[in-house]
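Have a look at structure-v6.txt below; it lists compact mmCIF, C-alpha atoms.
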# COMPACT_ATOMS: atom_id res chain seq x y z
CA MET A 1 0.00 0.00 0.00
CA ASN A 2 1.15 3.52 -0.77
CA LYS A 3 2.49 4.93 2.50
CA LYS A 4 1.89 8.48 1.26
CA MET A 5 -1.88 8.05 1.29
CA PRO A 6 -3.59 9.84 4.20
CA PRO A 7 -4.53 7.52 7.09
CA TRP A 8 -8.21 8.46 6.78
CA LEU A 9 -8.22 6.92 3.29
CA GLN A 10 -6.47 3.71 4.22
CA GLY A 11 -9.03 2.19 6.58
CA THR A 12 -8.68 -0.92 8.68
CA VAL A 13 -10.24 -3.58 6.47
CA ASN A 14 -8.16 -3.28 3.30
CA ASP A 15 -7.14 -6.94 3.39
CA ASP A 16 -10.69 -8.31 3.57
CA PRO A 17 -11.68 -9.33 0.02
CA GLY A 18 -15.30 -9.91 1.01
CA PHE A 19 -15.65 -6.38 2.34
CA ALA A 20 -13.92 -5.01 -0.75
CA ARG A 21 -16.34 -6.73 -3.12
CA MET A 22 -19.36 -5.66 -1.07
CA LEU A 23 -18.27 -2.02 -0.93
CA ILE A 24 -17.56 -1.89 -4.66
CA VAL A 25 -21.00 -3.34 -5.40
CA LEU A 26 -22.63 -0.82 -3.05
CA HIS A 27 -20.78 2.00 -4.78
CA SER A 28 -22.15 0.84 -8.11
CA ILE A 29 -25.70 0.54 -6.77
CA VAL A 30 -25.79 3.99 -5.15
CA LEU A 31 -24.09 5.62 -8.15
CA THR A 32 -26.64 4.03 -10.48
CA ALA A 33 -29.46 5.16 -8.18
CA ALA A 34 -28.20 8.76 -8.19
CA LEU A 35 -28.02 8.83 -11.98
CA ALA A 36 -31.42 7.14 -12.28
CA ILE A 37 -33.01 9.73 -9.98
CA LEU A 38 -31.67 12.47 -12.24
CA LEU A 39 -33.54 10.92 -15.14
CA ILE A 40 -36.67 9.77 -13.32
CA THR A 41 -37.34 13.11 -11.64
CA ASN A 42 -36.62 15.06 -14.82
CA THR A 43 -34.02 17.23 -13.07
CA PHE A 44 -31.37 16.78 -15.73
CA THR A 45 -31.05 20.51 -16.22
CA PRO A 46 -28.46 22.98 -14.84
CA ALA A 47 -31.28 25.25 -13.66
CA ASN A 48 -32.32 22.75 -10.99
CA ILE A 49 -30.35 22.61 -7.73
CA THR A 50 -31.07 18.89 -7.48
CA PHE A 51 -29.09 18.45 -10.67
CA TRP A 52 -25.98 19.94 -9.08
CA ILE A 53 -26.40 18.03 -5.82
CA LEU A 54 -26.79 14.68 -7.54
CA SER A 55 -24.03 15.49 -10.03
CA LEU A 56 -21.62 16.28 -7.19
CA LEU A 57 -22.72 13.13 -5.40
CA SER A 58 -22.07 11.08 -8.53
CA VAL A 59 -18.56 12.51 -8.85
CA LEU A 60 -17.79 11.77 -5.19
CA LEU A 61 -19.10 8.24 -5.55
CA LEU A 62 -17.03 7.72 -8.68
CA VAL A 63 -13.87 8.97 -6.92
CA SER A 64 -14.64 6.77 -3.92
CA LEU A 65 -15.21 3.78 -6.20
CA VAL A 66 -11.80 4.28 -7.81
CA LEU A 67 -10.18 4.54 -4.37
CA SER A 68 -11.94 1.35 -3.30
CA LEU A 69 -10.67 -0.46 -6.37
CA TYR A 70 -7.16 0.47 -5.26
CA GLY A 71 -7.79 -0.75 -1.71
CA TYR A 72 -8.63 2.49 0.10
CA PHE A 73 -12.02 1.97 1.71
CA SER A 74 -12.44 4.47 4.55
CA PHE A 75 -13.86 7.24 2.36
CA GLY A 76 -16.28 4.82 0.73
CA ARG A 77 -17.56 3.56 4.07
CA PHE A 78 -18.95 7.04 4.71
CA ILE A 79 -19.79 8.31 1.24
CA VAL A 80 -21.92 5.29 0.24
CA PRO A 81 -24.56 5.56 3.00
CA ALA A 82 -24.34 9.36 3.02
CA GLY A 83 -24.79 9.37 -0.74
CA LEU A 84 -27.80 7.10 -0.44
CA ILE A 85 -29.37 9.51 2.06
CA VAL A 86 -28.79 12.43 -0.31
CA ALA A 87 -30.24 10.47 -3.23
CA ILE A 88 -33.35 9.53 -1.24
CA THR A 89 -33.80 13.15 -0.17
CA ALA A 90 -33.60 14.30 -3.78
CA LEU A 91 -36.10 11.65 -4.81
CA VAL A 92 -38.73 12.58 -2.22
CA PHE A 93 -38.09 16.29 -2.83
CA ASN A 94 -39.15 15.80 -6.42
CA GLY A 95 -41.83 13.25 -5.58
CA GLN A 96 -44.55 13.15 -2.95
CA GLY A 97 -42.50 14.59 -0.10
CA MET A 98 -43.16 13.16 3.35
CA HIS A 99 -45.80 10.83 1.92
CA ASP A 100 -43.53 9.38 -0.76
CA THR A 101 -42.96 5.64 -0.48
CA ALA A 102 -39.23 6.35 -0.85
CA MET A 103 -39.25 7.68 2.74
CA VAL A 104 -38.90 4.11 3.99
CA ALA A 105 -35.52 3.98 2.26
CA PHE A 106 -34.06 6.21 4.98
CA SER A 107 -34.25 3.20 7.27
CA ALA A 108 -32.31 1.15 4.73
CA ALA A 109 -29.68 3.89 4.48
CA LEU A 110 -29.36 3.91 8.26
CA LEU A 111 -28.91 0.14 8.38
CA LEU A 112 -26.30 0.37 5.63
CA GLY A 113 -24.44 3.13 7.46
CA GLY A 114 -24.41 1.12 10.66
CA MET A 115 -23.01 -1.93 8.91
CA LEU A 116 -20.25 0.02 7.16
CA VAL A 117 -19.05 2.36 9.90
CA GLY A 118 -19.95 0.38 13.00
CA ARG A 119 -21.69 1.24 16.23
CA HIS A 120 -19.77 4.45 16.91
CA GLY A 121 -20.75 6.05 13.60
CA LEU A 122 -24.34 4.84 13.69
CA TRP A 123 -25.75 7.87 15.49
CA GLY A 124 -24.06 10.22 13.04
CA PHE A 125 -26.03 8.68 10.19
CA THR A 126 -29.15 8.73 12.35
CA LEU A 127 -28.72 12.48 12.77
CA LEU A 128 -28.10 12.88 9.04
CA CYS A 129 -31.30 10.99 8.21
CA MET A 130 -33.27 13.06 10.72
CA THR A 131 -31.86 16.26 9.22
CA ALA A 132 -32.91 15.15 5.74
CA ILE A 133 -36.42 14.28 6.95
CA THR A 134 -36.70 17.64 8.71
CA LEU A 135 -35.61 19.42 5.53
CA VAL A 136 -38.23 17.61 3.46
CA GLY A 137 -40.98 18.14 6.03
CA LEU A 138 -40.33 21.85 6.57
CA SER A 139 -39.98 22.45 2.83
CA GLU A 140 -43.33 20.81 2.29
CA MET A 141 -45.07 22.64 5.13
CA ASN A 142 -43.71 26.00 3.97
CA GLY A 143 -44.65 25.50 0.34
CA ILE A 144 -41.13 25.18 -1.04
CA ILE A 145 -42.18 21.88 -2.53
CA THR A 146 -45.81 21.23 -3.41
CA PRO A 147 -46.67 17.52 -3.58
CA THR A 148 -50.30 16.54 -3.95
CA MET A 149 -50.65 15.53 -0.27
CA ARG A 150 -48.95 18.63 1.15
CA GLU A 151 -52.00 19.68 3.19
CA TYR A 152 -51.79 16.47 5.22
CA THR A 153 -48.17 17.00 6.25
CA GLY A 154 -47.35 18.17 9.77
CA TRP A 155 -44.88 17.75 12.58
CA ASP A 156 -46.51 14.44 13.45
CA ASP A 157 -45.17 12.97 10.19
CA ILE A 158 -41.68 14.19 11.02
CA LEU A 159 -41.85 12.85 14.58
CA ILE A 160 -43.09 9.47 13.38
CA ASN A 161 -40.07 9.18 11.11
CA TYR A 162 -37.80 10.32 13.96
CA THR A 163 -39.23 7.59 16.18
CA LEU A 164 -38.70 4.94 13.51
CA LEU A 165 -35.09 5.95 12.91
CA ILE A 166 -34.22 6.19 16.60
CA SER A 167 -35.81 2.79 17.23
CA ILE A 168 -33.78 1.21 14.43
CA ALA A 169 -30.58 2.90 15.59
CA THR A 170 -31.14 1.84 19.20
CA GLY A 171 -31.81 -1.75 18.20
CA MET A 172 -28.74 -1.85 15.97
CA ASN A 173 -26.62 -0.29 18.69
CA VAL A 174 -27.66 -2.94 21.22
CA LEU A 175 -27.19 -5.75 18.71
CA MET A 176 -23.77 -4.55 17.60
CA LYS A 177 -22.66 -4.02 21.19
CA ARG A 178 -23.62 -7.58 22.07
CA MET A 179 -21.80 -8.85 19.01
CA GLU A 180 -18.68 -6.93 20.05
CA GLU A 181 -18.92 -8.42 23.54
CA SER A 182 -19.32 -11.91 22.07
CA VAL A 183 -16.26 -11.43 19.88
CA LYS A 184 -14.22 -10.15 22.82
CA GLN A 185 -15.35 -13.10 24.95
CA ALA A 186 -14.42 -15.52 22.17
CA GLN A 187 -11.00 -13.89 21.86
CA THR A 188 -10.51 -14.11 25.63
CA ASN A 189 -11.48 -17.79 25.61
CA GLU A 190 -9.12 -18.48 22.73
CA GLN A 191 -6.25 -16.75 24.52
CA ALA A 192 -6.97 -18.73 27.68
CA TRP A 193 -7.06 -21.97 25.69
CA ARG A 194 -3.75 -21.16 23.98
CA LEU A 195 -2.14 -20.33 27.32
CA SER A 196 -3.42 -23.57 28.83
CA GLU A 197 -2.14 -25.52 25.83
CA GLU A 198 1.28 -23.89 26.07
CA ARG A 199 1.51 -24.69 29.77
CA PHE A 200 0.52 -28.30 29.15
CA ARG A 201 3.06 -28.66 26.35
CA SER A 202 5.77 -27.07 28.48
CA PHE A 203 4.97 -29.45 31.34
CA MET A 204 5.04 -32.49 29.07
CA GLU A 205 8.29 -31.52 27.40
CA THR A 206 10.12 -30.88 30.68
CA SER A 207 8.59 -33.67 32.76
CA PRO A 208 10.97 -36.51 33.77
CA ALA A 209 8.03 -38.92 33.61
CA ILE A 210 7.33 -41.11 30.61
CA VAL A 211 4.21 -39.89 28.81
CA ILE A 212 2.67 -41.79 25.91
CA MET A 213 -0.72 -41.06 24.36
CA LYS A 214 -2.85 -43.29 22.15
CA ASP A 215 -6.02 -42.60 20.22
CA ALA A 216 -9.20 -44.69 20.23
CA ASP A 217 -7.63 -47.12 17.75
CA SER A 218 -4.60 -47.66 20.01
CA ARG A 219 -2.33 -45.74 17.68
CA TYR A 220 0.45 -43.72 19.24
CA VAL A 221 -0.23 -40.03 18.79
CA TYR A 222 2.20 -38.45 21.24
CA CYS A 223 5.22 -39.17 23.36
CA ASN A 224 7.20 -36.67 25.35
CA PRO A 225 10.94 -36.00 24.94
CA ARG A 226 11.66 -38.30 27.91
CA VAL A 227 10.40 -41.29 25.90
CA GLU A 228 12.43 -40.24 22.90
CA SER A 229 15.58 -39.92 25.00
CA LEU A 230 15.12 -43.42 26.41
CA PHE A 231 13.95 -45.34 23.36
CA GLY A 232 14.82 -43.09 20.45
CA ARG A 233 12.44 -41.97 17.75
Is it possible to express this structure as structure tokens?
Amino acid sequence: MNKKMPPWLQGTVNDDPGFARMLIVLHSIVLTAALAILLITNTFTPANITFWILSLLSVLLLVSLVLSLYGYFSFGRFIVPAGLIVAITALVFNGQGMHDTAMVAFSAALLLGGMLVGRHGLWGFTLLCMTAITLVGLSEMNGIITPTMREYTGWDDILINYTLLISIATGMNVLMKRMEESVKQAQTNEQAWRLSEERFRSFMETSPAIVIMKDADSRYVYCNPRVESLFGR
């Protein structure tokens, strides 16, 4: 790996081929979604701010994809879920607002962010999703966007989405914390087993007693150095 690359680009999972393939596929999916939204929402015009937002997002995703192909994943771990949130926001902005079926995709973006950045970055993506929902809701209530169901939109819609996101984030946080504890416990058990094995081997190799082990078929599977010194190999 190029030592001149900034640490924030290098990441900690560069040697995991499964993670690499998954992140590259996710880049492709989100990039395709951003470009598709440009076409579906008919915002492919420089006069529309959504055009510039999604265009910038597409460029960032493309840069991140190239970095991922070269083994630098940290940037992609953040830009993929963040990009998905931006793409969803653009879609509902140009669709039915708070009542657009695409609103449920914020939950998917939150789950994706939690999986890619871990428990400690989960709440950051929760806040980002809540900010996007607030932006859509306030824009709709103040007439900045005018979907057909605008008159039914209120703070209750925003709060319902907040509750859903916080519930998902809380559940993921608990689950990921328990998984971390399970991994730590497994590592502790493995270390204890290795230490016990090393002590047993050390005892056997230095013991003056004759130690011979057989398996269930009466085949010799082990003898300590004392046996070898007396009878040879």
### Query
Hey, which of A:Leu128, A:Ile37, A:Met213, A:Leu165 ends up closest to Leu57 of chain A? Count all atoms listed in the file.
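Once distances to Leu57 of chain A are computed over all atoms listed in the file, the minimum belongs to A:Ile37.
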### Task
Provide the atom CA of Ala82 of chain A to atom CA of Ala33 of chain A distance in Å, to one decimal place.
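Calculated distance between atom CA of Ala82 of chain A and atom CA of Ala33 of chain A is 13.0 Å.
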So that all listed atoms of segment 46-57 of chain A fit with 5 Å spare on each side, what axis-aligned box centre and edge lengths in Å, to one decimal, would you give as lines of an AutoDock Vina configuration file?
center_x = -27.0
center_y = 19.2
center_z = -10.1
size_x = 20.7
size_y = 22.1
size_z = 19.4
### Task
Tell me which protein, DNA and RNA residues are within 7 Å of segment 88-100 of chain A, counting all atoms listed in the file, leaving out same-chain ones fewer than 2 positions away, and put them as a VMD selection string.
chain A and resid 37 41 50 84 to 86 102 to 103 105 132 136 to 137 140 145 147 to 148 153
### Query
So what do you get for atom CA of Leu127 of chain A versus atom CA of Phe75 of chain A, distance-wise?
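If I compute the distance from atom CA of Leu127 of chain A to atom CA of Phe75 of chain A, I get 18.9 Å.
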### Pick from A:Ile79, A:Gly121, A:Ser68, A:Thr101, whichever lies nearest to Leu56 of chain A using all atoms listed in the file
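Checking each of A:Ile79, A:Gly121, A:Ser68, A:Thr101 against Leu56 of chain A, counting all atoms listed in the file, the winner is A:Ile79.
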Name the residues, using the chain letters and numbers of the file, that sit within 12 Å of (-18.9, 1.1, 14.8) when counting all atoms listed in the file, and give them as a tab-separated table (two decimals) with C-alpha atoms, keeping the file's coordinate frame.
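Writing the result to selection_15.tsv gives the following:
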chain	number	residue	atom	x	y	z
A	77	ARG	CA	-17.56	3.56	4.07
A	78	PHE	CA	-18.95	7.04	4.71
A	111	LEU	CA	-28.91	0.14	8.38
A	112	LEU	CA	-26.30	0.37	5.63
A	113	GLY	CA	-24.44	3.13	7.46
A	114	GLY	CA	-24.41	1.12	10.66
A	115	MET	CA	-23.01	-1.93	8.91
A	116	LEU	CA	-20.25	0.02	7.16
A	117	VAL	CA	-19.05	2.36	9.90
A	118	GLY	CA	-19.95	0.38	13.00
A	119	ARG	CA	-21.69	1.24	16.23
A	120	HIS	CA	-19.77	4.45	16.91
A	121	GLY	CA	-20.75	6.05	13.60
A	122	LEU	CA	-24.34	4.84	13.69
A	123	TRP	CA	-25.75	7.87	15.49
A	124	GLY	CA	-24.06	10.22	13.04
A	125	PHE	CA	-26.03	8.68	10.19
A	169	ALA	CA	-30.58	2.90	15.59
A	172	MET	CA	-28.74	-1.85	15.97
A	173	ASN	CA	-26.62	-0.29	18.69
A	174	VAL	CA	-27.66	-2.94	21.22
A	175	LEU	CA	-27.19	-5.75	18.71
A	176	MET	CA	-23.77	-4.55	17.60
A	177	LYS	CA	-22.66	-4.02	21.19
A	179	MET	CA	-21.80	-8.85	19.01
A	180	GLU	CA	-18.68	-6.93	20.05
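The residue that comes closest to Asp156 of chain A, out of A:Leu230, A:Val63, A:Ile53, A:Met141 and on the basis of all atoms listed in the file, is A:Met141.
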### Query
Which distance in Å separates atom CA of Ile168 of chain A and atom CA of Leu110 of chain A, to one decimal?
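These atoms are spaced 8.1 Å apart.
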#### Entry: Test item: residues at most 10 Å from Pro208 of chain A, only C-alpha atoms, excluding those fewer than 6 positions along its chain, as a ChimeraX atom specification
/A:224-227
### Task
Using all atoms listed in the file, find the one residue out of A:Leu23, A:Ala192, A:Met130, A:Leu135 that sits nearest to Leu65 of chain A.
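Smallest distance to Leu65 of chain A is found for A:Leu23.
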Give me, as CSV, the closest atom pair and its distance (Å, one decimal) for every residue of segment 65-160 of chain A within a cut-off of 9 Å of segment 29-32 of chain A, counting only C-alpha atoms, rows sorted by chain and rising number.
residue,atom,partner,partner_atom,distance
A:Val80,CA,A:Val30,CA,6.8
A:Pro81,CA,A:Val30,CA,8.4
A:Gly83,CA,A:Val30,CA,7.0
A:Leu84,CA,A:Val30,CA,6.0
A:Ala87,CA,A:Val30,CA,8.1
